[in-house]
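Structure data follow from start-v9.cif (mmCIF, C-alpha atoms):
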```cif
data_start
#
loop_
_atom_site.label_atom_id
_atom_site.label_comp_id
_atom_site.auth_asym_id
_atom_site.auth_seq_id
_atom_site.Cartn_x
_atom_site.Cartn_y
_atom_site.Cartn_z
CA MET A 15 -14.78 -6.51 -35.01
CA GLU A 16 -12.33 -7.54 -32.28
CA ILE A 17 -14.00 -8.49 -28.99
CA ARG A 18 -12.75 -6.36 -26.09
CA LYS A 19 -11.37 -8.26 -23.13
CA ARG A 20 -13.41 -7.82 -19.96
CA LEU A 21 -11.66 -6.77 -16.78
CA LEU A 22 -13.41 -6.86 -13.40
CA ILE A 23 -11.97 -4.20 -11.07
CA LEU A 24 -12.87 -4.30 -7.39
CA GLY A 25 -13.21 -0.83 -5.94
CA ALA A 26 -14.33 2.53 -7.33
CA SER A 27 -12.74 4.90 -4.84
CA GLU A 28 -10.31 7.61 -5.93
CA THR A 29 -7.39 5.22 -5.34
CA GLN A 30 -8.77 2.84 -7.99
CA LEU A 31 -9.13 5.56 -10.60
CA PRO A 32 -5.62 5.24 -12.14
CA ILE A 33 -6.01 1.50 -12.84
CA ILE A 34 -9.50 2.00 -14.33
CA LEU A 35 -8.29 4.78 -16.62
CA ARG A 36 -5.25 2.77 -17.69
CA ALA A 37 -7.40 -0.25 -18.52
CA LYS A 38 -9.67 1.92 -20.65
CA GLU A 39 -6.66 3.47 -22.42
CA LEU A 40 -5.54 -0.06 -23.29
CA GLY A 41 -8.95 -0.77 -24.82
CA TYR A 42 -10.42 -3.13 -22.22
CA PHE A 43 -14.06 -3.25 -21.11
CA THR A 44 -14.08 -2.27 -17.43
CA ILE A 45 -16.61 -3.78 -15.03
CA VAL A 46 -16.22 -1.97 -11.71
CA ALA A 47 -17.71 -3.07 -8.38
CA ASP A 48 -18.11 -1.08 -5.18
CA TYR A 49 -20.69 -1.00 -2.40
CA ASN A 50 -20.80 2.81 -2.57
CA ALA A 51 -23.13 3.91 -5.36
CA ASN A 52 -21.50 7.36 -5.33
CA ALA A 53 -17.90 6.16 -5.53
CA PRO A 54 -16.04 8.68 -7.75
CA ALA A 55 -14.34 6.22 -10.14
CA PHE A 56 -17.71 4.76 -11.23
CA GLU A 57 -17.99 7.68 -13.64
CA TYR A 58 -15.26 6.12 -15.80
CA ALA A 59 -16.43 2.48 -15.71
CA ASP A 60 -18.01 0.79 -18.72
CA LYS A 61 -20.22 -1.19 -16.34
CA LYS A 62 -21.07 -0.13 -12.78
CA LEU A 63 -22.02 -2.76 -10.17
CA ILE A 64 -23.18 -1.86 -6.65
CA ILE A 65 -21.60 -4.82 -4.86
CA SER A 66 -19.24 -4.94 -1.89
CA THR A 67 -15.67 -5.70 -2.90
CA ILE A 68 -15.51 -8.39 -0.21
CA ASP A 69 -18.80 -10.11 -1.16
CA THR A 70 -17.00 -12.98 -2.86
CA PRO A 71 -20.06 -15.12 -3.79
CA SER A 72 -21.80 -12.19 -5.53
CA LEU A 73 -18.61 -11.13 -7.27
CA LEU A 74 -17.97 -14.68 -8.47
CA LYS A 75 -21.47 -14.79 -9.96
CA VAL A 76 -20.81 -11.50 -11.74
CA ALA A 77 -17.49 -12.80 -13.02
CA ARG A 78 -19.23 -15.84 -14.50
CA ASP A 79 -22.16 -13.90 -15.90
CA TYR A 80 -19.92 -11.40 -17.71
CA MET A 81 -17.39 -14.07 -18.73
CA ILE A 82 -14.50 -11.91 -17.54
CA ASP A 83 -10.95 -12.35 -18.78
CA GLY A 84 -9.31 -11.02 -15.60
CA VAL A 85 -9.92 -9.52 -12.17
CA LEU A 86 -7.85 -7.23 -9.97
CA THR A 87 -7.88 -4.64 -7.21
CA THR A 88 -5.46 -2.06 -5.85
CA SER A 89 -6.92 -2.23 -2.32
CA ASP A 90 -5.97 -4.61 0.47
CA TYR A 91 -8.93 -6.65 1.63
CA PRO A 92 -10.58 -7.25 -1.78
CA VAL A 93 -7.44 -9.23 -2.70
CA ARG A 94 -9.15 -12.23 -1.04
CA SER A 95 -12.09 -11.95 -3.43
CA VAL A 96 -9.73 -11.59 -6.38
CA ALA A 97 -7.84 -14.75 -5.38
CA HIS A 98 -11.00 -16.83 -4.91
CA ILE A 99 -12.41 -15.72 -8.27
CA CYS A 100 -9.12 -16.56 -9.99
CA LYS A 101 -9.03 -20.00 -8.40
CA SER A 102 -12.67 -20.73 -9.27
CA LEU A 103 -12.41 -19.59 -12.89
CA GLY A 104 -8.82 -20.56 -13.63
CA LEU A 105 -7.72 -16.95 -14.12
CA SER A 106 -4.29 -15.39 -13.56
CA GLY A 107 -3.89 -13.74 -10.16
CA PRO A 108 -2.69 -14.12 -6.58
CA SER A 109 -3.05 -17.46 -4.83
CA VAL A 110 -5.66 -17.88 -2.08
CA ASN A 111 -2.85 -18.68 0.36
CA ALA A 112 -0.97 -15.46 -0.42
CA ALA A 113 -4.16 -13.35 -0.36
CA THR A 114 -5.06 -14.71 3.08
CA LEU A 115 -1.61 -14.13 4.56
CA CYS A 116 -1.25 -10.66 3.07
CA THR A 117 -4.58 -9.41 4.46
CA ASP A 118 -4.15 -10.62 8.04
CA LYS A 119 -1.24 -9.17 10.01
CA PHE A 120 -1.30 -11.96 12.59
CA LEU A 121 -1.28 -14.76 10.02
CA LEU A 122 1.58 -13.03 8.21
CA ARG A 123 3.56 -12.81 11.46
CA GLU A 124 2.96 -16.51 12.05
CA HIS A 125 4.08 -17.36 8.52
CA LEU A 126 7.25 -15.26 8.75
CA SER A 127 8.13 -16.75 12.11
CA GLN A 128 7.62 -20.32 10.89
CA ASN A 129 9.90 -19.60 7.92
CA ASN A 130 12.70 -18.21 10.11
CA PHE A 131 12.48 -14.54 9.14
CA LEU A 132 13.12 -11.81 11.71
CA VAL A 133 9.89 -10.88 13.49
CA PRO A 134 9.15 -8.68 16.49
CA ARG A 135 7.49 -10.20 19.53
CA TYR A 136 3.75 -10.19 18.89
CA LYS A 137 0.46 -11.29 20.38
CA ILE A 138 -3.06 -11.54 19.01
CA ILE A 139 -5.60 -9.65 21.12
CA LYS A 140 -9.26 -10.64 21.06
CA SER A 141 -10.33 -9.18 24.42
CA ARG A 142 -9.43 -6.30 26.71
CA GLU A 143 -8.23 -8.75 29.37
CA SER A 144 -5.51 -10.07 27.04
CA LEU A 145 -3.82 -6.66 27.07
CA PHE A 146 -2.50 -7.32 30.56
CA GLU A 147 -0.40 -10.19 29.19
CA ILE A 148 1.76 -7.74 27.20
CA ASP A 149 5.12 -7.28 28.91
CA TYR A 150 7.16 -5.62 26.14
CA PHE A 151 7.16 -1.85 25.76
CA PRO A 152 7.29 0.26 23.67
CA CYS A 153 4.97 -1.66 21.36
CA VAL A 154 2.66 -0.99 18.44
CA ILE A 155 -1.02 -1.89 18.44
CA LYS A 156 -2.83 -2.29 15.12
CA PRO A 157 -5.93 -3.96 13.65
CA VAL A 158 -5.09 -7.25 11.95
CA ASP A 159 -7.13 -6.32 8.89
CA SER A 160 -6.99 -2.58 8.20
CA SER A 161 -4.88 -0.22 6.09
CA GLY A 162 -3.88 3.42 5.73
CA SER A 163 -2.38 3.54 9.26
CA ARG A 164 -5.91 3.50 10.72
CA GLY A 165 -5.89 2.32 14.30
CA VAL A 166 -2.09 2.00 14.40
CA GLN A 167 -0.41 3.54 17.44
CA ARG A 168 2.81 3.23 19.42
CA VAL A 169 2.33 2.93 23.18
CA ASN A 170 4.82 3.04 26.04
CA ASN A 171 2.95 1.49 28.96
CA ILE A 172 -0.15 -0.51 29.86
CA ASP A 173 -2.33 2.57 30.42
CA GLU A 174 -1.59 3.88 26.93
CA LEU A 175 -2.17 0.39 25.54
CA ILE A 176 -5.63 0.18 27.10
CA ASN A 177 -6.60 3.59 25.71
CA ALA A 178 -5.26 2.75 22.22
CA TYR A 179 -7.03 -0.62 22.17
CA GLU A 180 -10.51 0.85 21.79
CA ILE A 181 -9.38 3.06 18.89
CA SER A 182 -7.64 0.18 17.13
CA LEU A 183 -10.64 -2.10 17.64
CA VAL A 184 -12.94 0.31 15.79
CA HIS A 185 -10.90 -0.15 12.61
CA SER A 186 -10.87 -3.97 12.65
CA LYS A 187 -13.45 -5.86 10.60
CA SER A 188 -12.88 -8.95 12.75
CA ALA A 189 -12.71 -7.16 16.13
CA THR A 190 -9.14 -8.41 16.47
CA VAL A 191 -5.91 -6.50 16.97
CA ILE A 192 -2.26 -7.41 17.23
CA VAL A 193 0.31 -5.95 19.61
CA GLU A 194 3.89 -6.02 18.33
CA GLU A 195 7.20 -5.05 19.84
CA PHE A 196 8.28 -1.67 18.43
CA ILE A 197 11.17 -2.06 15.99
CA SER A 198 13.41 0.92 15.32
CA GLY A 199 15.23 1.38 12.02
CA GLU A 200 15.12 2.88 8.55
CA GLU A 201 11.87 2.38 6.64
CA PHE A 202 11.51 1.36 3.00
CA SER A 203 8.97 -0.20 0.67
CA VAL A 204 9.64 -2.55 -2.24
CA GLU A 205 7.61 -2.85 -5.42
CA THR A 206 7.72 -6.21 -7.22
CA LEU A 207 6.00 -8.07 -10.05
CA THR A 208 5.69 -11.87 -10.04
CA GLN A 209 4.66 -13.85 -13.10
CA LYS A 210 4.89 -17.63 -13.52
CA GLY A 211 7.26 -18.01 -10.59
CA ASN A 212 9.64 -15.20 -11.62
CA THR A 213 9.81 -12.11 -9.41
CA THR A 214 11.30 -8.78 -10.46
CA ILE A 215 12.10 -6.02 -7.98
CA VAL A 216 11.20 -2.83 -9.84
CA ALA A 217 11.89 -0.19 -7.18
CA ILE A 218 12.88 0.39 -3.56
CA THR A 219 11.19 3.45 -2.09
CA GLY A 220 12.54 5.58 0.75
CA LYS A 221 9.87 6.58 3.28
CA THR A 222 9.55 9.47 5.72
CA VAL A 223 7.08 8.98 8.55
CA GLN A 224 5.41 11.76 10.52
CA GLY A 225 3.47 11.85 13.78
CA GLU A 226 5.85 9.70 15.85
CA LYS A 227 5.93 12.27 18.68
CA GLU A 228 2.22 11.61 19.10
CA SER A 229 2.83 7.85 18.65
CA TYR A 230 1.31 7.63 15.17
CA PHE A 231 2.91 6.47 11.93
CA VAL A 232 1.77 8.40 8.86
CA GLU A 233 3.83 8.39 5.67
CA SER A 234 4.59 11.99 4.69
CA ARG A 235 7.08 11.52 1.84
CA HIS A 236 8.21 8.82 -0.62
CA VAL A 237 11.26 8.97 -2.90
CA ILE A 238 12.49 6.64 -5.68
CA PRO A 239 15.16 5.42 -5.75
CA ALA A 240 15.72 5.19 -2.01
CA GLU A 241 18.98 6.70 -0.78
CA ILE A 242 20.62 3.50 0.39
CA PRO A 243 24.07 1.84 0.07
CA PRO A 244 24.56 -1.23 -2.16
CA ASP A 245 24.99 -3.69 0.75
CA LYS A 246 21.60 -2.73 2.17
CA ILE A 247 19.99 -2.91 -1.27
CA GLU A 248 21.30 -6.47 -1.56
CA LEU A 249 20.06 -7.40 1.92
CA ILE A 250 16.60 -5.90 1.35
CA SER A 251 16.24 -7.41 -2.12
CA GLY A 252 17.34 -10.85 -0.99
CA THR A 253 14.97 -10.88 1.97
CA VAL A 254 11.94 -9.72 -0.04
CA LEU A 255 12.56 -12.29 -2.78
CA LYS A 256 12.86 -15.09 -0.20
CA VAL A 257 9.64 -14.03 1.53
CA ILE A 258 7.71 -13.85 -1.74
CA LYS A 259 8.91 -17.34 -2.63
CA THR A 260 7.44 -18.74 0.60
CA LEU A 261 4.03 -17.18 -0.11
CA ASN A 262 3.30 -19.28 -3.19
CA LEU A 263 2.21 -15.94 -4.61
CA GLY A 264 0.86 -16.82 -8.03
CA ASN A 265 0.74 -13.96 -10.55
CA SER A 266 0.61 -10.65 -8.74
CA PRO A 267 2.33 -7.39 -7.88
CA THR A 268 3.44 -6.99 -4.28
CA HIS A 269 4.06 -3.98 -2.09
CA THR A 270 6.32 -4.84 0.86
CA GLU A 271 6.91 -2.48 3.77
CA LEU A 272 9.96 -3.12 5.95
CA LYS A 273 12.43 -1.78 8.49
CA ILE A 274 16.15 -2.45 8.57
CA ASN A 275 18.48 -2.12 11.57
CA TYR A 276 21.65 -3.73 12.92
CA LYS A 277 19.84 -7.07 13.33
CA GLY A 278 18.65 -7.23 9.73
CA VAL A 279 15.40 -6.79 7.78
CA TYR A 280 12.00 -6.90 9.47
CA ILE A 281 9.03 -7.32 7.13
CA ILE A 282 6.26 -5.09 8.48
CA GLU A 283 3.56 -5.79 5.90
CA ILE A 284 3.13 -7.32 2.44
CA GLY A 285 0.29 -6.45 0.09
CA ALA A 286 -0.51 -8.73 -2.84
CA ARG A 287 -1.35 -5.64 -4.87
CA LEU A 288 0.21 -2.49 -6.26
CA GLY A 289 1.61 0.02 -3.77
CA GLY A 290 -0.62 2.98 -2.98
CA ASP A 291 0.19 6.61 -2.15
CA TYR A 292 0.90 7.23 -5.87
CA ILE A 293 4.03 5.07 -5.64
CA THR A 294 3.19 2.67 -8.44
CA SER A 295 0.81 4.86 -10.44
CA ASP A 296 3.22 7.82 -10.62
CA LEU A 297 6.58 7.55 -8.85
CA VAL A 298 7.79 4.23 -10.31
CA PRO A 299 7.10 5.18 -13.96
CA LEU A 300 8.53 8.69 -13.45
CA ALA A 301 11.78 7.26 -12.06
CA THR A 302 12.17 4.04 -14.06
CA GLY A 303 9.85 4.15 -17.07
CA VAL A 304 8.18 0.90 -15.93
CA ASP A 305 4.38 1.08 -16.32
CA MET A 306 3.19 -0.65 -13.15
CA LEU A 307 -0.49 -0.15 -13.95
CA GLU A 308 -0.23 -1.82 -17.35
CA ASN A 309 1.88 -4.61 -15.83
CA ALA A 310 -0.74 -5.24 -13.14
CA ILE A 311 -3.43 -5.45 -15.82
CA ASN A 312 -1.26 -7.79 -17.89
CA LEU A 313 -0.73 -10.04 -14.87
CA ALA A 314 -4.51 -10.31 -14.47
CA LEU A 315 -4.99 -11.06 -18.18
CA ASN A 316 -2.08 -13.53 -18.39
CA ILE A 317 -0.13 -11.29 -20.80
CA LYS A 318 3.66 -11.11 -20.60
CA ILE A 319 4.80 -8.20 -18.42
CA GLU A 320 7.52 -5.67 -19.33
CA THR A 321 9.97 -4.68 -16.55
CA LEU A 322 12.81 -3.13 -18.55
CA ILE A 323 14.00 0.10 -16.89
CA THR A 324 14.13 2.83 -19.53
CA LEU A 325 14.59 5.92 -17.33
CA ASN A 326 17.19 6.90 -14.74
CA LYS A 327 15.38 9.71 -12.95
CA TYR A 328 14.43 10.63 -9.37
CA SER A 329 10.82 10.96 -8.29
CA GLY A 330 9.09 11.82 -5.05
CA ILE A 331 5.84 12.81 -3.41
CA GLN A 332 5.41 15.23 -0.54
CA PHE A 333 2.13 15.06 1.34
CA ILE A 334 0.44 18.16 2.68
CA THR A 335 -0.58 18.37 6.34
CA SER A 336 -1.98 21.09 8.56
CA GLU A 337 1.63 21.89 9.55
CA ASN A 338 3.05 22.53 6.08
CA HIS A 339 -0.14 23.53 4.25
CA LYS A 340 0.60 27.27 3.91
CA GLN A 341 4.26 26.75 2.99
CA ILE A 342 3.42 24.27 0.22
CA VAL A 343 0.46 26.25 -1.11
CA ASP A 344 2.70 29.34 -1.44
CA PHE A 345 5.47 27.26 -3.05
CA LEU A 346 3.13 25.74 -5.64
CA LYS A 347 2.10 29.21 -6.83
CA ILE A 348 5.51 29.44 -8.51
CA ASP A 349 5.71 27.63 -11.85
CA ASN A 350 8.16 24.71 -11.63
CA PRO A 351 8.41 22.28 -14.57
CA ILE A 352 9.66 19.37 -12.48
CA ILE A 353 6.41 19.36 -10.44
CA LYS A 354 4.31 16.90 -12.41
CA SER A 355 1.02 17.10 -10.52
CA TYR A 356 -0.49 18.25 -7.27
CA LYS A 357 -3.68 18.25 -5.26
CA ILE A 358 -4.51 20.71 -2.50
CA GLU A 359 -7.42 20.37 -0.09
CA GLN A 360 -8.81 23.19 2.01
CA TYR A 361 -6.89 23.79 5.24
CA LYS A 362 -8.11 21.89 8.27
CA ASP A 363 -6.53 21.85 11.71
CA LEU A 364 -6.09 18.07 11.88
CA LYS A 365 -3.87 16.04 14.14
CA LEU A 366 -2.06 13.58 11.87
CA LYS A 367 -3.27 10.14 12.97
CA ASN A 368 -3.61 8.28 9.65
CA SER A 369 -3.22 8.86 5.93
CA PHE A 370 -6.78 10.19 5.64
CA ASP A 371 -5.74 13.24 7.69
CA ARG A 372 -3.41 14.44 4.91
CA LEU A 373 -4.54 17.49 2.93
CA GLY A 374 -3.10 16.82 -0.49
CA HIS A 375 0.27 16.25 -2.15
CA PHE A 376 2.63 17.23 -4.94
CA ILE A 377 4.70 14.94 -7.18
CA VAL A 378 8.17 15.68 -8.56
CA GLN A 379 10.37 14.17 -11.30
CA ALA A 380 14.00 15.33 -11.08
CA ASN A 381 17.35 14.72 -12.77
CA SER A 382 19.29 14.48 -9.50
CA ARG A 383 18.68 13.65 -5.86
CA GLU A 384 19.73 17.14 -4.87
CA GLN A 385 17.15 18.69 -7.19
CA LEU A 386 14.50 16.26 -5.90
CA ASN A 387 15.14 16.94 -2.21
CA ARG A 388 15.37 20.70 -2.72
CA THR A 389 11.98 20.77 -4.44
CA LEU A 390 10.27 18.44 -1.95
CA ASN A 391 11.58 20.76 0.80
CA CYS A 392 9.95 23.71 -1.05
CA LYS A 393 13.21 25.50 -1.77
#
```
For this file, write the structure as structure tokens.
Amino acid sequence: MEIRKRLLILGASETQLPIILRAKELGYFTIVADYNANAPAFEYADKKLIISTIDTPSLLKVARDYMIDGVLTTSDYPVRSVAHICKSLGLSGPSVNAATLCTDKFLLREHLSQNNFLVPRYKIIKSRESLFEIDYFPCVIKPVDSSGSRGVQRVNNIDELINAYEISLVHSKSATVIVEEFISGEEFSVETLTQKGNTTIVAITGKTVQGEKESYFVESRHVIPAEIPPDKIELISGTVLKVIKTLNLGNSPTHTELKINYKGVYIIEIGARLGGDYITSDLVPLATGVDMLENAINLALNIKIETLITLNKYSGIQFITSENHKQIVDFLKIDNPIIKSYKIEQYKDLKLKNSFDRLGHFIVQANSREQLNRTLNCK
């Protein structure tokens, strides 16, 4: 009987469920770790381990004990544990250098600046007193080590900055925040796969952000492919490939968030992981035919990836908020074959401050951009 390869997956939240299910479909033995004994994806694991995804020493012991063949995560901070395990055991995965830079917004800013990429003015803040050194407004304050837009806020003056600081601080594991000059421009994300020094750009996603009137930045819609002219595609692609090269990435997917304006491309964040918000689990395969989940697993197991685009479709996701909840719920009552999946939570009167304040979503696969936009607009 063939021995099943063993894959250690860090995280058992709902966001990890697609990668766990895909690994099981491919016939791998899944060992899943999470500090939360009631994490929903544990139900589908072959082996359940109650261990924090950032407890690297304990996870390394587990990896040795179970003689794993690969390790991965689709969350941000556990990428550091993944990289250290890969280095210690000689497995395929992201480098420690890349994992460190991609999980600390200040270190990433420093790296980009040192390598002559466009960066906003920025300052690390470790105390309330340091806020008074900020002399560039509007600016954005954010934890150096959080995700999901938690603790991220645009401020216009020192009083707003002081008020936002306490909120941002709550969401930082290291009690450290960064204050950056606000950069205007169009927003996109880029999904890539890097194996043995070769990087492939699989998709560029167009993003719509909501909550800016209240100084928050919450992604409310993603579409693939992004509606963007060829010259900007070339500029974005070239910049992302150059940045990835400087990271000494190793073998890993990346999710890069950026803004582009008349000055050029500003890298906002890079994750050494698959993109979230259903971008890589659903939107990329629906638009291109590229299986990002299987490719991420193959990267971890040192198996050749497959990036050939076999579809030429349009895909998108519209998130549900307290503002559009009734409209979308009524719209979804009508049968529409291009709506591939949806999730609706009970209505709550929530001010949209981060991605956890969203109340569901629906996902579309269309034959044209017009059809895609019309459906996402509930028409």
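Distances from A:Asn312, A:Ser198, A:Ser203, A:Ser127 to Glu271 of chain A were compared using all atoms listed in the file, and the smallest one belongs to A:Ser203.
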Original post:
A:Gly252, A:Gly41, A:Pro134, A:Pro108: which is nearest Leu86 of chain A, counting all atoms listed in the file?
Top reply: A:Pro108
Original post:
Asp118 of chain A: which residues within 9 Å, counting all atoms listed in the file, same-chain residues fewer than 4 positions away excluded, as a list in words?
Top reply: Tyr91, Ala113, Thr114, Leu122, Arg123, Pro157, Val158, Asp159 and Ser160 of chain A
As a check of understanding, name the residues that the PyMOL selection byres ((chain A and resi 309) around 10) selects in the supplied structure, as a PDB file with C-alpha atoms, in the frame of the given file.
```pdb
ATOM      1  CA  LEU A 207       6.000  -8.070 -10.050  1.00  0.00           C
ATOM      2  CA  SER A 266       0.610 -10.650  -8.740  1.00  0.00           C
ATOM      3  CA  PRO A 267       2.330  -7.390  -7.880  1.00  0.00           C
ATOM      4  CA  LEU A 288       0.210  -2.490  -6.260  1.00  0.00           C
ATOM      5  CA  VAL A 304       8.180   0.900 -15.930  1.00  0.00           C
ATOM      6  CA  ASP A 305       4.380   1.080 -16.320  1.00  0.00           C
ATOM      7  CA  MET A 306       3.190  -0.650 -13.150  1.00  0.00           C
ATOM      8  CA  LEU A 307      -0.490  -0.150 -13.950  1.00  0.00           C
ATOM      9  CA  GLU A 308      -0.230  -1.820 -17.350  1.00  0.00           C
ATOM     10  CA  ALA A 310      -0.740  -5.240 -13.140  1.00  0.00           C
ATOM     11  CA  ILE A 311      -3.430  -5.450 -15.820  1.00  0.00           C
ATOM     12  CA  ASN A 312      -1.260  -7.790 -17.890  1.00  0.00           C
ATOM     13  CA  LEU A 313      -0.730 -10.040 -14.870  1.00  0.00           C
ATOM     14  CA  ALA A 314      -4.510 -10.310 -14.470  1.00  0.00           C
ATOM     15  CA  LEU A 315      -4.990 -11.060 -18.180  1.00  0.00           C
ATOM     16  CA  ILE A 317      -0.130 -11.290 -20.800  1.00  0.00           C
ATOM     17  CA  LYS A 318       3.660 -11.110 -20.600  1.00  0.00           C
ATOM     18  CA  ILE A 319       4.800  -8.200 -18.420  1.00  0.00           C
ATOM     19  CA  GLU A 320       7.520  -5.670 -19.330  1.00  0.00           C
ATOM     20  CA  THR A 321       9.970  -4.680 -16.550  1.00  0.00           C
TER      21      THR A 321
END
```
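Those residues returned by the PyMOL selection byres ((chain A and resi 331-341) around 7) for this file are A:Ser234, A:Arg235, A:His236, A:Val237, A:Gly330, A:Ile342, A:Val343, A:Asp344, A:Phe345, A:Tyr361, A:Lys362, A:Asp363, A:Leu364, A:Arg372, A:Leu373, A:Gly374, A:His375, A:Phe376, A:Ile377, A:Val378, A:Leu390.
The interatomic distance for the pair atom CA of Arg18 of chain A and atom CA of Lys38 of chain A works out to 10.4 Å.
Using all atoms listed in the file for every distance, the candidate list A:Asn212, A:His125, A:Leu115, A:Lys140 yields A:Lys140 as the residue closest to Leu183 of chain A.
Minimum distance to Ile218 of chain A across A:Val46, A:Ile68, A:Ala240, A:Cys116 (counting all atoms listed in the file) occurs at A:Ala240.
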Original post:
Quick one: residues within 12 Å of Tyr80 of chain A, all atoms listed in the file counted, chain neighbours fewer than 2 positions away excluded, as number ranges by chain?
Top reply: A: 19-22, 43-46, 61, 63, 73-78, 82-85
Original post:
What does the distance between atom CA of Leu145 of chain A and atom CA of Ala178 of chain A come to in Å, to one decimal place?
Top reply: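 So the answer is 10.7 Å.
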Original post:
Interatomic distance between atom CA of Asn177 of chain A and atom CA of Ser369 of chain A?
Top reply: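 Taking atom CA of Asn177 of chain A and atom CA of Ser369 of chain A, their separation equals 20.7 Å.
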Subject >> Best match for closeness to Ala55 of chain A among A:Val184, A:Val232, A:Val254, A:Ala26, counting only C-alpha atoms >> reply: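 Of A:Val184, A:Val232, A:Val254, A:Ala26, the one nearest Ala55 of chain A is A:Ala26, counting only C-alpha atoms.
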Subject >> For Gln128 of chain A, the nearest of the candidates A:Val257, A:Ile293, A:Glu39, A:Ile284, counting all atoms listed in the file >> reply: A:Val257
How would segment 142-147 of chain A read, as an mmCIF file, in the coordinates of the input, once all heavy atoms are built in?
```cif
data_model
loop_
_atom_site.group_PDB
_atom_site.id
_atom_site.type_symbol
_atom_site.label_atom_id
_atom_site.label_comp_id
_atom_site.auth_asym_id
_atom_site.auth_seq_id
_atom_site.Cartn_x
_atom_site.Cartn_y
_atom_site.Cartn_z
ATOM 1 N N ARG A 142 -10.132 -7.310 25.915
ATOM 2 C CA ARG A 142 -9.430 -6.300 26.710
ATOM 3 C C ARG A 142 -8.541 -6.946 27.757
ATOM 4 O O ARG A 142 -7.456 -6.455 28.078
ATOM 5 C CB ARG A 142 -10.464 -5.384 27.363
ATOM 6 C CG ARG A 142 -9.913 -4.112 27.971
ATOM 7 C CD ARG A 142 -11.070 -3.216 28.417
ATOM 8 N NE ARG A 142 -10.610 -1.945 28.933
ATOM 9 C CZ ARG A 142 -10.248 -1.738 30.198
ATOM 10 N NH1 ARG A 142 -10.294 -2.732 31.071
ATOM 11 N NH2 ARG A 142 -9.844 -0.539 30.591
ATOM 12 N N GLU A 143 -8.988 -8.074 28.304
ATOM 13 C CA GLU A 143 -8.230 -8.750 29.370
ATOM 14 C C GLU A 143 -6.861 -9.226 28.872
ATOM 15 O O GLU A 143 -5.882 -9.250 29.629
ATOM 16 C CB GLU A 143 -9.027 -9.945 29.896
ATOM 17 C CG GLU A 143 -10.257 -9.572 30.730
ATOM 18 C CD GLU A 143 -11.382 -8.948 29.899
ATOM 19 O OE1 GLU A 143 -11.488 -9.299 28.698
ATOM 20 O OE2 GLU A 143 -12.124 -8.090 30.446
ATOM 21 N N SER A 144 -6.778 -9.567 27.582
ATOM 22 C CA SER A 144 -5.510 -10.070 27.040
ATOM 23 C C SER A 144 -4.419 -9.009 27.017
ATOM 24 O O SER A 144 -3.226 -9.338 26.934
ATOM 25 C CB SER A 144 -5.732 -10.602 25.621
ATOM 26 O OG SER A 144 -6.669 -11.645 25.611
ATOM 27 N N LEU A 145 -4.808 -7.732 27.086
ATOM 28 C CA LEU A 145 -3.820 -6.660 27.070
ATOM 29 C C LEU A 145 -2.853 -6.760 28.244
ATOM 30 O O LEU A 145 -1.682 -6.385 28.127
ATOM 31 C CB LEU A 145 -4.518 -5.295 27.100
ATOM 32 C CG LEU A 145 -5.402 -4.950 25.893
ATOM 33 C CD1 LEU A 145 -6.167 -3.670 26.159
ATOM 34 C CD2 LEU A 145 -4.562 -4.821 24.626
ATOM 35 N N PHE A 146 -3.330 -7.270 29.349
ATOM 36 C CA PHE A 146 -2.500 -7.320 30.560
ATOM 37 C C PHE A 146 -1.415 -8.405 30.475
ATOM 38 O O PHE A 146 -0.560 -8.489 31.345
ATOM 39 C CB PHE A 146 -3.376 -7.517 31.788
ATOM 40 C CG PHE A 146 -4.303 -6.357 32.038
ATOM 41 C CD1 PHE A 146 -5.607 -6.368 31.564
ATOM 42 C CD2 PHE A 146 -3.852 -5.230 32.719
ATOM 43 C CE1 PHE A 146 -6.457 -5.293 31.772
ATOM 44 C CE2 PHE A 146 -4.694 -4.149 32.926
ATOM 45 C CZ PHE A 146 -6.001 -4.178 32.458
ATOM 46 N N GLU A 147 -1.445 -9.198 29.409
ATOM 47 C CA GLU A 147 -0.400 -10.190 29.190
ATOM 48 C C GLU A 147 0.801 -9.609 28.450
ATOM 49 O O GLU A 147 1.846 -10.247 28.341
ATOM 50 C CB GLU A 147 -0.962 -11.374 28.397
ATOM 51 C CG GLU A 147 -2.092 -12.101 29.115
ATOM 52 C CD GLU A 147 -2.735 -13.164 28.231
ATOM 53 O OE1 GLU A 147 -2.112 -13.533 27.205
ATOM 54 O OE2 GLU A 147 -3.846 -13.613 28.560
#
```
